[in-house]
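J.: I am attaching a structure below and will ask some questions about it afterwards.
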Amino acid sequence: MIRLTASDEDLARAAELLEHGELVAVPTETVYGLAADASNPDAVRRIFAAKRRPADHPLIVHLPGMESMTDWAEDIPYSARRLAAAFWPGPLTLILKKKGTVADVVTGGQDTVGLRVPGHPVALKLLQRLGRGIAAPSANRFGHISPTTADHVVSEFENDNAVAAVIDGGPCHVGVESTIVDCTGPEPRILRPGMIGTERLAMVLGSRPEMAGEKEGPRASGRLASHYAPTTRLELIECDALSRPDSQAAVLALTSTPDPGGFKVWTTLPADPVAYARGLYAALRELDRCGAERILVQRPPATAAWAAVRDRLERAAA
């Protein structure tokens, strides 16, 4: 795997690799994505093989700009255009009716497609240089912890020739995957919570979008019951349970919770949902490597601001 920088020369090299059907790991503001030319079905199939991803699990297409929506989707509702104008580039994916020219391998055989414009300068420069969309799920084995640094990508694929290169764009500043909103029905619905929350969506839409049930709406990335999981068993626990030391357990707690001692490893993240999300996957990767028998994670607050973090942790613990 070649390690590239964000220089113009290296981005030109990355674009050339994508044009030739290779896979390139790309930084976005959410997580690092494993990118292929979305208009090349054979290249997209290589994503599924590299990640060991089920073929019916659709991918998100990342676009160079809002104007590219019409290349991939048809019958785009006004609500979708308003959301795109408000939040793109940014961590929001819109599910729309796909154009007939979109390959089934991208959409998992569905008649819908997920689109977003990433809010990372390196990803945007690469997309604008390439001039077309890239399919880019998280650059990790399917179901594992998503990568938020180039080193995480290398650790996933260093012994695998499937990935040609990784572009090192530094740590991801959002840290969890995008909010997914289904815009194909009478009213927009949230399929996956992210750091663009319900209140911000409601300010644009004029009403609060509902959260779709697990079995409702089109299939979309990150909606399986078990996902984002470390190899070590993860348990969500209440703060009180952390008063009982366990030498075989690693802990991820909020900074407001004092360490009583007696645990194998004690790690904290800020008691702020934005900062917590930014550090979550890196912290889980560190705890997964420490040799503990289990990872105990303090359950975060049950408020709307923590919805994305709770969603990822509940799936990791499933």
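Residue numbers start at 1 in each chain; chains themselves are named A, B, ... in the order of the structure tokens; ligands are numbered from 1 in the order shown.
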Determine, counting only C-alpha atoms, which protein, DNA and RNA residues have an atom within 12 Å of an atom of A:Ala225; residues of the same chain fewer than 2 positions away are not included. Present the result as a ChimeraX atom specification.

T.: /A:143,192,213-215,221-223,227-229,311-318

J.: Which neighbours of stretch 63-70 of chain A fall inside 7 Å, counting only C-alpha atoms, when residues of the same chain fewer than 5 positions from it are skipped, and could you give them as a PDB file with C-alpha atoms, in the first residue's frame?

T.:
ATOM      1  CA  ALA A  84     -28.039  19.539   0.383  1.00  0.00           C
ATOM      2  CA  ARG A 116     -23.145  13.130  -0.159  1.00  0.00           C
ATOM      3  CA  VAL A 117     -20.513  15.821  -0.723  1.00  0.00           C
ATOM      4  CA  LEU A 124     -12.987  17.509  -2.222  1.00  0.00           C
ATOM      5  CA  LEU A 127     -13.124  14.526  -6.308  1.00  0.00           C
ATOM      6  CA  GLN A 128     -12.814  17.764  -8.248  1.00  0.00           C
ATOM      7  CA  GLY A 131     -14.480  14.950 -11.946  1.00  0.00           C
ATOM      8  CA  ARG A 132     -16.908  12.183 -10.982  1.00  0.00           C
ATOM      9  CA  GLY A 133     -18.286  10.315  -8.002  1.00  0.00           C
ATOM     10  CA  ILE A 134     -16.492   7.788  -5.849  1.00  0.00           C
TER      11      ILE A 134
END

J.: I need the residue nearest A:Ile76 from this list: A:Glu210, A:Glu9, A:Asp182, A:Asp42. Use only C-alpha atoms for the distance.

T.: A:Asp182

J.: Among the residues of stretch 32-238 of chain A, find those DSSP assigns to strand (DSSP E) from the backbone and print them as a VMD selection string.

T.: chain A and resid 33 to 37 60 to 62 92 to 97 112 to 116 134 to 135 163 to 167 179 to 182 189 to 192 210 to 211 233 to 237

J.: Can you list every residue of stretch 221-242 of chain A that has an atom at most 12 Å from stretch 253-257 of chain A, with its nearest atom pair and the distance in Å to one decimal, using only C-alpha atoms, ordered by chain then number, as a Markdown table?

T.:
| residue | atom | partner | partner_atom | distance |
| --- | --- | --- | --- | --- |
| A:Leu236 | CA | A:Ala253 | CA | 10.3 |
| A:Ile237 | CA | A:Ala253 | CA | 9.8 |
| A:Glu238 | CA | A:Ala253 | CA | 9.9 |
| A:Cys239 | CA | A:Thr257 | CA | 7.5 |
| A:Asp240 | CA | A:Thr257 | CA | 9.7 |
| A:Ala241 | CA | A:Ala253 | CA | 11.2 |
| A:Leu242 | CA | A:Ala253 | CA | 8.7 |

J.: When distances are computed from only C-alpha atoms, which of A:Thr93, A:Asp272, A:Val105, A:Ile2 shows the smallest separation from A:Pro41?

T.: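 Looking only at the distances to A:Pro41, the closest residue turns out to be A:Val105.
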
J.: Restricting the calculation to only C-alpha atoms: of A:His173, A:Met1, A:Arg141, A:Ala250, which residue gets closest to A:Ala14?

T.: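 Checking each candidate against A:Ala14, we get A:Met1 as the closest.
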